[in-house]
Structure formats: C-alpha cells, structure tokens
$ cat run_8.cif   # mmCIF, C-alpha atoms and all ligand atoms
data_final
#
loop_
_atom_site.label_atom_id
_atom_site.label_comp_id
_atom_site.auth_asym_id
_atom_site.auth_seq_id
_atom_site.Cartn_x
_atom_site.Cartn_y
_atom_site.Cartn_z
CA MET A 1235 -41.63 5.10 -35.36
CA THR A 1236 -38.33 4.87 -33.54
CA SER A 1237 -37.79 7.07 -30.53
CA VAL A 1238 -34.01 6.65 -30.53
CA PRO A 1239 -32.30 10.03 -30.19
CA VAL A 1240 -30.15 10.70 -33.21
CA ALA A 1241 -26.55 9.57 -32.88
CA ARG A 1242 -23.66 11.57 -34.42
CA GLU A 1243 -24.28 11.84 -38.17
CA ASP A 1244 -20.66 10.93 -38.93
CA ILE A 1245 -20.97 7.74 -36.89
CA LEU A 1246 -24.21 6.81 -38.64
CA ALA A 1247 -22.42 7.32 -41.95
CA LEU A 1248 -19.23 5.56 -40.83
CA ARG A 1249 -18.00 2.79 -43.13
CA SER A 1250 -17.05 0.10 -40.59
CA TYR A 1251 -13.86 -1.96 -40.88
CA LYS A 1252 -14.51 -5.06 -42.98
CA ALA A 1253 -12.72 -7.95 -41.34
CA GLY A 1254 -11.68 -11.08 -43.26
CA ALA A 1255 -14.34 -13.81 -43.20
CA GLN A 1256 -13.92 -16.45 -40.50
CA VAL A 1257 -15.28 -19.75 -41.83
CA ASP A 1258 -14.60 -23.15 -40.24
CA ASP A 1259 -12.83 -25.85 -42.30
CA THR A 1260 -11.28 -23.43 -44.76
CA ILE A 1261 -7.68 -22.56 -45.54
CA ARG A 1262 -7.47 -19.08 -44.03
CA LEU A 1263 -5.21 -16.94 -46.17
CA ASN A 1264 -7.25 -13.77 -45.71
CA ALA A 1265 -6.09 -12.23 -42.43
CA ASN A 1266 -2.28 -12.18 -42.46
CA GLU A 1267 -2.21 -14.52 -39.47
CA ALA A 1268 0.60 -16.99 -38.73
CA PRO A 1269 -0.42 -20.38 -40.18
CA GLN A 1270 0.71 -22.31 -37.10
CA SER A 1271 1.00 -21.70 -33.40
CA HIS A 1272 4.50 -21.58 -31.93
CA TRP A 1273 3.07 -22.09 -28.48
CA LEU A 1274 0.83 -25.02 -27.68
CA ASP A 1275 0.45 -26.57 -24.26
CA GLY A 1276 -2.51 -28.78 -25.02
CA GLU A 1277 -4.62 -27.00 -22.42
CA HIS A 1278 -5.21 -23.56 -23.90
CA SER A 1279 -6.50 -22.50 -27.33
CA ALA A 1280 -3.84 -21.76 -29.93
CA LEU A 1281 -3.41 -18.03 -30.35
CA ASN A 1282 -2.12 -17.74 -33.93
CA ARG A 1283 -5.62 -16.88 -35.22
CA TYR A 1284 -7.50 -13.67 -34.50
CA PRO A 1285 -10.45 -14.11 -32.14
CA GLU A 1286 -14.01 -13.64 -33.41
CA VAL A 1287 -14.46 -10.13 -34.86
CA HIS A 1288 -17.22 -9.59 -32.33
CA PRO A 1289 -17.59 -12.42 -29.84
CA LEU A 1290 -20.88 -14.03 -30.92
CA THR A 1291 -20.62 -17.09 -28.66
CA LEU A 1292 -20.07 -14.87 -25.65
CA ARG A 1293 -22.80 -12.50 -26.78
CA LYS A 1294 -25.34 -15.36 -26.92
CA ARG A 1295 -24.26 -16.63 -23.50
CA MET A 1296 -24.50 -13.19 -21.91
CA ALA A 1297 -27.89 -12.57 -23.53
CA GLU A 1298 -29.06 -15.84 -21.99
CA LEU A 1299 -27.58 -14.86 -18.64
CA PHE A 1300 -29.30 -11.48 -18.61
CA ASP A 1301 -32.47 -12.93 -20.15
CA VAL A 1302 -32.69 -10.69 -23.22
CA PRO A 1303 -32.69 -11.41 -26.98
CA THR A 1304 -29.15 -11.65 -28.42
CA ASN A 1305 -29.79 -8.78 -30.85
CA ASN A 1306 -30.53 -6.48 -27.92
CA LEU A 1307 -27.14 -7.03 -26.29
CA LEU A 1308 -23.66 -5.84 -27.10
CA VAL A 1309 -20.64 -7.28 -25.29
CA THR A 1310 -18.10 -4.65 -24.26
CA ARG A 1311 -14.77 -4.67 -22.41
CA GLY A 1312 -16.32 -4.05 -19.04
CA SER A 1313 -19.40 -1.87 -18.83
CA SER A 1314 -16.89 1.00 -18.73
CA GLU A 1315 -16.30 0.57 -22.45
CA ALA A 1316 -20.04 0.81 -23.09
CA ILE A 1317 -20.07 4.20 -21.31
CA ASP A 1318 -17.23 5.43 -23.53
CA VAL A 1319 -18.83 4.08 -26.72
CA LEU A 1320 -22.21 5.68 -25.95
CA ILE A 1321 -20.61 9.06 -25.31
CA ARG A 1322 -18.49 8.91 -28.45
CA ALA A 1323 -21.34 7.70 -30.67
CA TRP A 1324 -24.02 10.13 -29.48
CA CYS A 1325 -22.17 13.28 -28.40
CA ARG A 1326 -20.38 15.72 -30.69
CA ALA A 1327 -17.33 17.26 -29.03
CA TYR A 1328 -17.90 20.84 -27.74
CA ARG A 1329 -21.54 20.82 -28.94
CA ASP A 1330 -23.52 18.19 -27.07
CA SER A 1331 -24.11 17.61 -23.38
CA LEU A 1332 -24.96 14.81 -21.01
CA ILE A 1333 -26.44 14.61 -17.53
CA THR A 1334 -24.93 12.93 -14.48
CA THR A 1335 -26.26 12.84 -10.93
CA PRO A 1336 -23.30 13.16 -8.51
CA PRO A 1337 -22.11 11.68 -6.29
CA THR A 1338 -21.98 8.85 -8.80
CA PHE A 1339 -19.63 6.63 -10.81
CA GLU A 1340 -16.64 8.73 -11.87
CA MET A 1341 -16.15 7.27 -15.33
CA TYR A 1342 -19.19 9.13 -16.77
CA ARG A 1343 -17.29 12.35 -16.03
CA VAL A 1344 -13.93 11.03 -17.26
CA TYR A 1345 -15.23 9.82 -20.63
CA ALA A 1346 -17.31 12.99 -21.08
CA ASP A 1347 -14.20 15.11 -20.45
CA ILE A 1348 -12.13 13.03 -22.87
CA GLN A 1349 -14.74 13.49 -25.62
CA GLY A 1350 -15.14 17.22 -24.88
CA VAL A 1351 -18.79 16.84 -23.89
CA GLU A 1352 -20.42 19.34 -21.55
CA ARG A 1353 -21.55 17.70 -18.32
CA ILE A 1354 -24.67 18.98 -16.59
CA ASP A 1355 -24.67 17.84 -12.96
CA VAL A 1356 -27.98 17.31 -11.18
CA PRO A 1357 -26.82 16.38 -7.65
CA LEU A 1358 -28.56 13.72 -5.60
CA ASP A 1359 -30.07 15.06 -2.39
CA ALA A 1360 -27.65 14.14 0.42
CA ASP A 1361 -30.26 15.07 3.05
CA GLN A 1362 -32.80 12.66 1.55
CA ASP A 1363 -30.62 9.52 1.42
CA PHE A 1364 -29.27 10.68 -1.94
CA ALA A 1365 -32.65 10.70 -3.65
CA LEU A 1366 -32.73 11.62 -7.34
CA ASP A 1367 -35.02 14.47 -8.37
CA ALA A 1368 -36.53 13.27 -11.65
CA ASP A 1369 -38.13 16.64 -12.42
CA ALA A 1370 -34.81 18.42 -11.88
CA VAL A 1371 -33.15 15.98 -14.31
CA ILE A 1372 -35.83 16.62 -16.94
CA ASP A 1373 -35.75 20.40 -16.39
CA SER A 1374 -31.94 20.50 -16.66
CA CYS A 1375 -31.93 18.96 -20.14
CA THR A 1376 -31.22 21.31 -23.03
CA ASP A 1377 -31.62 20.80 -26.79
CA SER A 1378 -28.09 19.42 -26.85
CA THR A 1379 -28.55 16.82 -24.08
CA LYS A 1380 -28.02 13.46 -25.74
CA LEU A 1381 -27.40 11.17 -22.76
CA ILE A 1382 -28.63 10.88 -19.17
CA PHE A 1383 -26.66 8.58 -16.86
CA ILE A 1384 -28.54 7.06 -13.91
CA CYS A 1385 -26.65 4.65 -11.69
CA SER A 1386 -28.94 2.32 -9.74
CA PRO A 1387 -27.86 1.00 -7.29
CA ASN A 1388 -25.65 4.05 -7.24
CA ASN A 1389 -21.90 3.94 -6.68
CA PRO A 1390 -20.81 5.20 -4.09
CA THR A 1391 -24.08 5.71 -2.17
CA GLY A 1392 -25.50 2.18 -2.60
CA THR A 1393 -28.99 3.62 -3.12
CA LEU A 1394 -31.60 2.58 -5.71
CA VAL A 1395 -33.47 5.04 -7.90
CA PRO A 1396 -37.23 4.23 -7.91
CA GLU A 1397 -38.30 2.71 -11.23
CA ASP A 1398 -41.15 5.22 -11.59
CA ASP A 1399 -38.67 8.12 -11.50
CA ILE A 1400 -36.55 6.48 -14.19
CA LEU A 1401 -39.65 5.85 -16.34
CA LYS A 1402 -40.71 9.47 -15.96
CA ILE A 1403 -37.34 10.60 -17.34
CA ILE A 1404 -37.38 8.04 -20.16
CA GLU A 1405 -40.86 9.13 -21.23
CA ALA A 1406 -40.07 12.85 -21.02
CA ARG A 1407 -36.93 12.43 -23.15
CA GLN A 1408 -38.10 10.09 -25.94
CA GLN A 1409 -36.41 10.93 -29.26
CA LYS A 1410 -34.24 13.46 -27.40
CA SER A 1411 -31.93 11.64 -24.96
CA LEU A 1412 -30.83 8.09 -24.31
CA VAL A 1413 -31.41 7.22 -20.65
CA ILE A 1414 -28.61 4.92 -19.51
CA VAL A 1415 -29.39 2.93 -16.39
CA ASP A 1416 -26.15 1.53 -15.00
CA GLU A 1417 -27.05 -1.68 -13.17
CA ALA A 1418 -23.52 -2.81 -12.31
CA TYR A 1419 -24.70 -3.78 -8.80
CA ILE A 1420 -28.31 -4.83 -9.48
CA GLU A 1421 -27.75 -8.44 -8.37
CA PHE A 1422 -27.22 -7.18 -4.80
CA ALA A 1423 -30.45 -5.14 -4.77
CA ALA A 1424 -33.98 -5.97 -3.74
CA ARG A 1425 -35.16 -5.23 -7.26
CA ASN A 1426 -34.90 -6.87 -10.66
CA SER A 1427 -33.12 -5.43 -13.67
CA MET A 1428 -35.11 -3.08 -15.90
CA ALA A 1429 -33.66 -4.80 -18.98
CA ASP A 1430 -36.99 -6.13 -20.26
CA LEU A 1431 -38.15 -2.51 -20.71
CA VAL A 1432 -35.81 -2.03 -23.68
CA GLN A 1433 -38.52 -3.81 -25.70
CA GLU A 1434 -40.85 -0.93 -24.86
CA TYR A 1435 -38.52 2.08 -24.77
CA ASP A 1436 -36.07 2.72 -27.61
CA ASN A 1437 -34.27 5.42 -25.62
CA LEU A 1438 -33.41 3.13 -22.70
CA VAL A 1439 -29.97 1.51 -22.36
CA ILE A 1440 -29.14 -0.87 -19.51
CA LEU A 1441 -25.54 -1.52 -18.51
CA ARG A 1442 -24.64 -4.85 -16.91
CA THR A 1443 -21.30 -6.33 -15.95
CA LEU A 1444 -19.65 -9.63 -15.02
CA SER A 1445 -17.23 -7.74 -12.75
CA LYS A 1446 -19.25 -7.69 -9.54
CA ALA A 1447 -21.80 -10.45 -8.76
CA HIS A 1448 -20.15 -12.84 -11.21
CA ALA A 1449 -16.68 -12.28 -9.75
CA LEU A 1450 -15.00 -11.80 -13.17
CA ALA A 1451 -13.55 -8.28 -12.95
CA GLY A 1452 -10.25 -9.57 -14.36
CA ALA A 1453 -11.95 -10.67 -17.59
CA ARG A 1454 -13.19 -7.12 -18.42
CA CYS A 1455 -16.56 -8.19 -19.66
CA GLY A 1456 -19.74 -6.11 -19.61
CA ALA A 1457 -22.80 -5.49 -21.74
CA ALA A 1458 -25.09 -2.79 -23.05
CA ILE A 1459 -28.72 -3.87 -23.48
CA ALA A 1460 -30.89 -1.71 -25.74
CA CYS A 1461 -33.10 -1.73 -28.83
CA GLU A 1462 -31.41 -3.13 -31.94
CA GLU A 1463 -30.95 0.31 -33.48
CA VAL A 1464 -28.88 1.51 -30.50
CA VAL A 1465 -26.91 -1.77 -30.38
CA ASP A 1466 -26.11 -1.43 -34.10
CA VAL A 1467 -24.82 2.13 -33.73
CA MET A 1468 -22.69 1.12 -30.75
CA SER A 1469 -21.22 -1.83 -32.69
CA LYS A 1470 -19.94 0.59 -35.32
CA VAL A 1471 -17.73 2.25 -32.71
CA LEU A 1472 -16.39 -0.95 -31.10
CA PRO A 1473 -13.05 -2.06 -32.47
CA PRO A 1474 -12.89 -5.48 -34.18
CA TYR A 1475 -11.18 -8.42 -32.44
CA SER A 1476 -11.25 -6.64 -29.09
CA PHE A 1477 -12.00 -9.75 -26.99
CA PRO A 1478 -8.89 -11.92 -26.68
CA THR A 1479 -9.34 -15.67 -27.19
CA PRO A 1480 -8.26 -16.57 -23.61
CA VAL A 1481 -10.84 -14.15 -22.20
CA ILE A 1482 -13.64 -15.65 -24.29
CA ASP A 1483 -12.56 -19.18 -23.28
CA ASN A 1484 -12.30 -18.30 -19.60
CA VAL A 1485 -15.60 -16.46 -19.42
CA MET A 1486 -17.48 -19.20 -21.27
CA ASN A 1487 -15.97 -21.67 -18.84
CA ALA A 1488 -16.82 -19.51 -15.84
CA LEU A 1489 -20.45 -19.22 -16.95
CA ALA A 1490 -20.88 -22.92 -17.71
CA GLY A 1491 -23.05 -25.44 -15.90
CA ASP A 1492 -23.79 -24.85 -12.25
CA ARG A 1493 -21.23 -22.09 -11.90
CA LEU A 1494 -24.07 -19.61 -12.13
CA ASN A 1495 -25.59 -21.14 -9.01
CA LYS A 1496 -22.24 -20.47 -7.37
CA SER A 1497 -22.56 -16.77 -8.30
CA ALA A 1498 -26.06 -16.69 -6.82
CA GLU A 1499 -24.80 -18.34 -3.61
CA ALA A 1500 -21.89 -15.92 -3.38
CA VAL A 1501 -24.21 -12.94 -3.88
CA ALA A 1502 -26.50 -14.20 -1.11
CA GLY A 1503 -23.43 -14.53 1.14
CA ILE A 1504 -22.30 -10.97 0.38
CA ILE A 1505 -25.78 -9.59 1.03
CA ALA A 1506 -25.87 -11.44 4.39
CA GLU A 1507 -22.43 -10.04 5.28
CA ARG A 1508 -23.48 -6.53 4.19
CA ASP A 1509 -26.54 -6.71 6.42
CA ARG A 1510 -24.50 -8.09 9.33
CA ILE A 1511 -21.95 -5.25 9.09
CA GLN A 1512 -24.68 -2.67 8.61
CA ALA A 1513 -26.34 -3.86 11.83
CA THR A 1514 -23.10 -3.39 13.80
CA LEU A 1515 -22.22 0.08 12.46
CA PRO A 1516 -24.42 2.07 14.89
CA SER A 1517 -22.40 0.68 17.82
CA ILE A 1518 -19.01 1.76 16.41
CA SER A 1519 -18.06 5.05 18.00
CA CYS A 1520 -15.86 6.48 15.21
CA ILE A 1521 -18.79 6.29 12.72
CA THR A 1522 -21.23 9.20 12.58
CA ASN A 1523 -23.49 8.04 9.73
CA PHE A 1524 -23.99 5.38 7.06
CA TRP A 1525 -26.52 4.77 4.32
CA PRO A 1526 -28.55 1.58 3.86
CA SER A 1527 -27.00 -0.15 0.87
CA GLN A 1528 -28.51 -2.18 -1.97
CA SER A 1529 -25.06 -3.07 -3.21
CA ASN A 1530 -21.84 -4.90 -2.30
CA PHE A 1531 -20.44 -1.88 -0.46
CA LEU A 1532 -21.39 0.58 2.26
CA LEU A 1533 -20.98 4.34 2.33
CA VAL A 1534 -19.90 5.36 5.81
CA ARG A 1535 -19.19 8.73 7.41
CA PHE A 1536 -16.44 8.85 10.03
CA GLN A 1537 -15.61 11.44 12.65
CA ASP A 1538 -12.08 11.66 11.24
CA LEU A 1539 -11.64 9.89 7.90
CA ALA A 1540 -7.91 10.63 7.56
CA GLY A 1541 -7.19 9.15 10.99
CA ILE A 1542 -9.33 6.08 10.26
CA GLN A 1543 -7.59 5.47 6.97
CA ASP A 1544 -4.15 5.61 8.61
CA HIS A 1545 -5.35 3.31 11.37
CA LEU A 1546 -6.85 0.81 8.90
CA PHE A 1547 -3.73 0.92 6.78
CA GLU A 1548 -1.70 -0.10 9.82
CA HIS A 1549 -3.99 -3.14 9.87
CA ARG A 1550 -3.33 -3.61 6.12
CA ILE A 1551 -6.94 -2.70 5.24
CA LEU A 1552 -7.83 -0.35 2.37
CA ILE A 1553 -11.10 1.55 2.05
CA ARG A 1554 -12.00 4.11 -0.63
CA ASP A 1555 -11.80 7.79 0.33
CA PHE A 1556 -14.76 9.87 -0.97
CA GLY A 1557 -14.18 12.72 1.48
CA SER A 1558 -13.36 15.28 -1.21
CA TYR A 1559 -16.69 14.84 -3.04
CA PRO A 1560 -19.40 17.46 -2.51
CA GLY A 1561 -21.74 16.30 0.27
CA LEU A 1562 -19.47 13.40 1.22
CA ASP A 1563 -17.07 14.96 3.71
CA ASN A 1564 -15.41 12.31 5.90
CA CYS A 1565 -17.11 9.57 3.87
CA ALA A 1566 -15.57 6.35 2.63
CA ARG A 1567 -16.87 3.45 0.59
CA ILE A 1568 -16.22 0.05 2.08
CA THR A 1569 -16.53 -3.05 -0.10
CA ILE A 1570 -17.98 -6.15 1.53
CA GLY A 1571 -15.28 -8.83 1.71
CA THR A 1572 -15.21 -12.36 3.10
CA ALA A 1573 -16.49 -12.90 6.66
CA ASP A 1574 -12.88 -13.00 7.90
CA GLU A 1575 -11.97 -9.80 6.07
CA ASN A 1576 -15.08 -8.08 7.40
CA ASN A 1577 -14.29 -9.22 10.94
CA ALA A 1578 -10.78 -7.81 10.56
CA LEU A 1579 -12.35 -4.50 9.48
CA LEU A 1580 -14.81 -4.44 12.39
CA ASP A 1581 -12.05 -5.33 14.90
CA ALA A 1582 -9.86 -2.55 13.54
CA LEU A 1583 -12.70 0.00 13.63
CA ASN A 1584 -13.55 -0.98 17.19
CA THR A 1585 -9.98 -0.43 18.35
CA TYR A 1586 -9.61 3.02 16.72
CA GLY A 1587 -8.47 5.49 19.30
CA ASP A 1588 -7.38 2.71 21.64
CA PRO A 1589 -3.70 3.42 22.41
CA ARG A 1590 -2.98 -0.33 22.58
CA SER A 1591 -4.08 -0.90 18.97
CA GLY A 1592 -2.19 -0.47 15.71
C1 LIG B 1 -21.57 1.92 -11.31
C2 LIG B 1 -20.49 1.25 -12.10
N1 LIG B 1 -20.66 1.11 -13.41
C3 LIG B 1 -19.73 0.53 -14.17
C4 LIG B 1 -18.57 0.06 -13.60
C5 LIG B 1 -17.54 -0.52 -14.50
O1 LIG B 1 -17.46 -1.88 -14.34
P1 LIG B 1 -16.73 -2.79 -15.41
O2 LIG B 1 -16.08 -1.92 -16.42
O3 LIG B 1 -15.78 -3.59 -14.62
O4 LIG B 1 -17.84 -3.61 -16.01
C6 LIG B 1 -18.34 0.21 -12.23
C7 LIG B 1 -17.09 -0.25 -11.62
O5 LIG B 1 -16.79 -0.12 -10.48
C8 LIG B 1 -19.33 0.83 -11.46
O6 LIG B 1 -19.19 1.02 -10.14
#
$ encode --input "run_8.cif" --output "structure tokens"
Amino acid sequence: MTSVPVAREDILALRSYKAGAQVDDTIRLNANEAPQSHWLDGEHSALNRYPEVHPLTLRKRMAELFDVPTNNLLVTRGSSEAIDVLIRAWCRAYRDSLITTPPTFEMYRVYADIQGVERIDVPLDADQDFALDADAVIDSCTDSTKLIFICSPNNPTGTLVPEDDILKIIEARQQKSLVIVDEAYIEFAARNSMADLVQEYDNLVILRTLSKAHALAGARCGAAIACEEVVDVMSKVLPPYSFPTPVIDNVMNALAGDRLNKSAEAVAGIIAERDRIQATLPSISCITNFWPSQSNFLLVRFQDLAGIQDHLFEHRILIRDFGSYPGLDNCARITIGTADENNALLDALNTYGDPRSG
C-alpha cells in the first residue's frame, strides 16, 4: 500500500495539457510553430521548434548524475520550482499547513505565503549549534500538515540534520505528510545524499540542484527525487515546454564527459578553502562566533554587523545580512569564493577598525 499523503483532490483530477506529438522525421504541422528558423549561426540549435514538453534527455542525464532511476526524478527550473510545485500540489489554500524549521531557506516561507498555506515554525536550537528537535517537529504536526521541509545542510547555518532524526520524522508521518529533504548543498557535506531512501519511503522527497556544486546557477536546473506516484503528481503541475532549448543544450554539454570530474575537483577546492577560512576565524577580532559548516558558506557572528558590512563594501565585498532573523543577531552568511577572493575578505576583516584601512 502506498504511504504517499494525499495531494489536492483537484490536482489529482486535473486534466493535463495535451501537447502536440514530437516525432522525429515527420512534417510537424501540429504545434503552430514557424516552419523555418530566421536565425541560424551554425553553432546553436535552431529555435523555431518548441523544446521537449518535459526534457527527457536532461531527466535521464540528471537521474544518472544523482544515481536514481529516471522515473523517480523530475527536472524543475531550479530546486526552487520543486518547492513551489510541492506546495501547490499538496496544500489547499487557507486549509492546509506545512512545517519549516527556521532559520532556514526563505523560499519555503515565500511559496507558502503565496499559496495561502499556514506555516508552522519549529525553530532550530541556536544554543545547540542549530540542532533540529525531531520530536518537536512531529508533535507540532496537525491533521492539516501536508509538508515538512528539512534543509540539510541547512541554509544559512551550514549544519546537517542527523539522518536518524529525519527517518524518525518520515516514519512518524507516513501517509500524513511528505518530508522534503532539501539537499542543495549535500556535495559539500561529509555525508551522502539520502536519495536512495525514496525506494523505501513513499513520503520522502529529496531536492537536488545543479546551482551549487555543479556551478550552473544560471541554467536554473534542479530536481525532485521521490517515488513515482509523487513524481507523477508533481508533473501535472509543471508547465509544458518550460526548459528552453539553449538551457537543455548547455546543461547537457556542461555535464558531458570529464566535466563532472571538474565539478568534483572544484567542490574539493571549495571545501579546502572553507576549512582554511574557518581555521582563521577565531583569530579575527571583529568576529564573536561562527558555526562549523558542511556547506559552501559560513555563518559568522560579528561584534557590529552594520559596521562590518560598510567596511567590506568599501572593499567591494558583499556578504549576506541575516541579522534581522530570530537568533541570528549580528550574523552574516559568507559564501566561499576563490582563494584570491577569500584572501581579500580575510585582509579586509583583519583591517576592520584600523583607521588606515578602507
Ligand atoms: C537550501 C536551498 N534550497 C534550494 C535553493 C534553490 O536553488 P535553485 O533554485 O538554484 O536550485 C537554494 C538556493 O540558494 C538553497 O539555499
């Protein structure tokens, strides 16, 4: 028996858009496309035809990349779109609820607010390195709780949620809530993806992205990995033709051959840089705290965040202000850059308060 929590009845009953067939070596008079391209440079694909309705070639390649069966993966425009689709497909406006564990990725809140879905916040424990309380998550669920978002490694804290805690929540909420584990930064962590567990748990959804470790944020390409039933419901909500031909071409090219080894090398380099910066932070006087990160960023607490931001801006360096978030006063998230960029950051931090700097 399936343990997928029931999606919105109207989505289950939705009659999806029936796109014109796309068959090679045929005269295509079924999609109101222009018969010829007016723009051909010999290097790029012609654009007079619609792209694939859903990008199957890309789907297969991403399934291979994330080591899951193709039918368990849905390609979305960034993993952000998967968040939106899950909320719209499972949550009825002004009736259903979802759980988030702040401080965490903002887009869960934004898409919940857009859909009119009640958000139940179960805060991470700032005094315990932002640990998640699995029992509190389970106890906070109500009959209307359809989705539980867990971000691991978490943005902006960089912390991992122990797999046992996630499993406890998944098991407690079978048939009731989908547990969405957002693994946008998993490649930078000392732990593997939990994606293989979707074979075992029908109420588990894993989110992956090409935006971080694979350095393809500009392509807007992410994936939801789940049991086929969940993938099929999500596909009903995705618009047809949403992946432009140049994006498909570029991403396929970027993931070809030994380019994946390049991603792995780059990730190793970022982890080494992260650890190098982390090791120097205790000696920087304007920093009062930081949290060990399993990601490509660090969460740092400053004595005076506003002053630091002004100072860094004078050095043309931007960091992300999280100071207004509960529990994160004077905190900023700093993305790991190239060694030169990181050195520029460290130099600027070390000269803060020095009247000769800036
Ligand atoms: C935790 C987390 N999830 C998802 C995303 C969305 O990534 P994208 O839509 O680029 O795949 C981000 C982006 O920063 C993120 O931090």
$ residues_near_ligand --input "run_8.cif" --ligand "ligand LIG 1 (chain B)" --cutoff "7 Å" --atoms "all atoms listed in the file" --output "list in words"
Arg1311, Gly1312, Ser1313, Ser1314, Glu1315, Phe1339, Cys1385, Asn1388, Asn1389, Asp1416, Glu1417, Ala1418, Tyr1419, Arg1442, Thr1443, Leu1444, Ser1445, Ala1451, Arg1454, Cys1455 and Gly1456 of chain A
$ residues_around --input "run_8.cif" --residues "A:Tyr1284" --least-positions-apart "6" --cutoff "12 Å" --atoms "only C-alpha atoms" --output "CSV table (one decimal) with C-alpha atoms, in the coordinates of the input"
chain,number,residue,atom,x,y,z
A,1253,ALA,CA,-12.7,-8.0,-41.3
A,1254,GLY,CA,-11.7,-11.1,-43.3
A,1255,ALA,CA,-14.3,-13.8,-43.2
A,1256,GLN,CA,-13.9,-16.4,-40.5
A,1262,ARG,CA,-7.5,-19.1,-44.0
A,1264,ASN,CA,-7.2,-13.8,-45.7
A,1265,ALA,CA,-6.1,-12.2,-42.4
A,1266,ASN,CA,-2.3,-12.2,-42.5
A,1267,GLU,CA,-2.2,-14.5,-39.5
A,1268,ALA,CA,0.6,-17.0,-38.7
A,1269,PRO,CA,-0.4,-20.4,-40.2
A,1271,SER,CA,1.0,-21.7,-33.4
A,1474,PRO,CA,-12.9,-5.5,-34.2
A,1475,TYR,CA,-11.2,-8.4,-32.4
A,1476,SER,CA,-11.2,-6.6,-29.1
A,1477,PHE,CA,-12.0,-9.8,-27.0
A,1478,PRO,CA,-8.9,-11.9,-26.7
A,1479,THR,CA,-9.3,-15.7,-27.2
A,1480,PRO,CA,-8.3,-16.6,-23.6
$ closest_residue --input "run_8.cif" --among "A:Ala1458, A:Met1296, A:Val1465, A:Ala1582" --to "A:Ala1488" --atoms "all atoms listed in the file"
A:Met1296
$ atom_distance --input "run_8.cif" --atom1 "atom CA of A:Tyr1435" --atom2 "atom CA of A:Ile1404"
7.6 Å
$ residues_near_point --input "run_8.cif" --point "(-16.2, -2.3, -2.2)" --cutoff "10 Å" --atoms "all atoms listed in the file" --output "NGL selection string"
:A and (1389-1390 or 1446 or 1529-1533 or 1552-1554 or 1566-1571)
$ atom_distance --input "run_8.cif" --atom1 "atom CA of A:Leu1450" --atom2 "atom CA of A:Phe1422"
15.5 Å
$ closest_residue --input "run_8.cif" --among "A:Phe1300, A:Pro1285, A:Ala1453, A:Leu1515" --to "A:Val1481" --atoms "only C-alpha atoms"
A:Ala1453
$ atom_distance --input "run_8.cif" --atom1 "atom CA of A:Ile1354" --atom2 "atom CA of A:Pro1387"
20.5 Å
$ residues_around --input "run_8.cif" --residues "A:Met1486" --least-positions-apart "6" --cutoff "9 Å" --atoms "all atoms listed in the file" --output "PyMOL selection string"
chain A and resi 1291-1292+1295
$ residues_around --input "run_8.cif" --residues "A:Leu1308" --least-positions-apart "5" --cutoff "9 Å" --atoms "all atoms listed in the file" --output "PyMOL selection string"
chain A and resi 1293+1297+1316+1456-1460+1465-1466+1468-1469
$ residues_around --input "run_8.cif" --residues "A:Asp1361" --least-positions-apart "2" --cutoff "12 Å" --atoms "all atoms listed in the file" --output "tab-separated table (two decimals) with C-alpha atoms, keeping the file's coordinate frame"
chain	number	residue	atom	x	y	z
A	1357	PRO	CA	-26.82	16.38	-7.65
A	1358	LEU	CA	-28.56	13.72	-5.60
A	1359	ASP	CA	-30.07	15.06	-2.39
A	1363	ASP	CA	-30.62	9.52	1.42
A	1364	PHE	CA	-29.27	10.68	-1.94
A	1365	ALA	CA	-32.65	10.70	-3.65
A	1366	LEU	CA	-32.73	11.62	-7.34
A	1523	ASN	CA	-23.49	8.04	9.73
A	1525	TRP	CA	-26.52	4.77	4.32
A	1561	GLY	CA	-21.74	16.30	0.27
A	1562	LEU	CA	-19.47	13.40	1.22
$ axis_aligned_box --input "run_8.cif" --around "stretch 1458-1464 of chain A" --padding-each-side "3 Å" --output "JSON"
{"center_x": -29.1, "center_y": -1.2, "center_z": -28.3, "size_x": 14.0, "size_y": 11.4, "size_z": 16.4}
$ closest_residue --input "run_8.cif" --among "A:Pro1239, A:Gly1541, A:Gly1587, A:Pro1560" --to "A:Leu1381" --atoms "all atoms listed in the file"
A:Pro1239
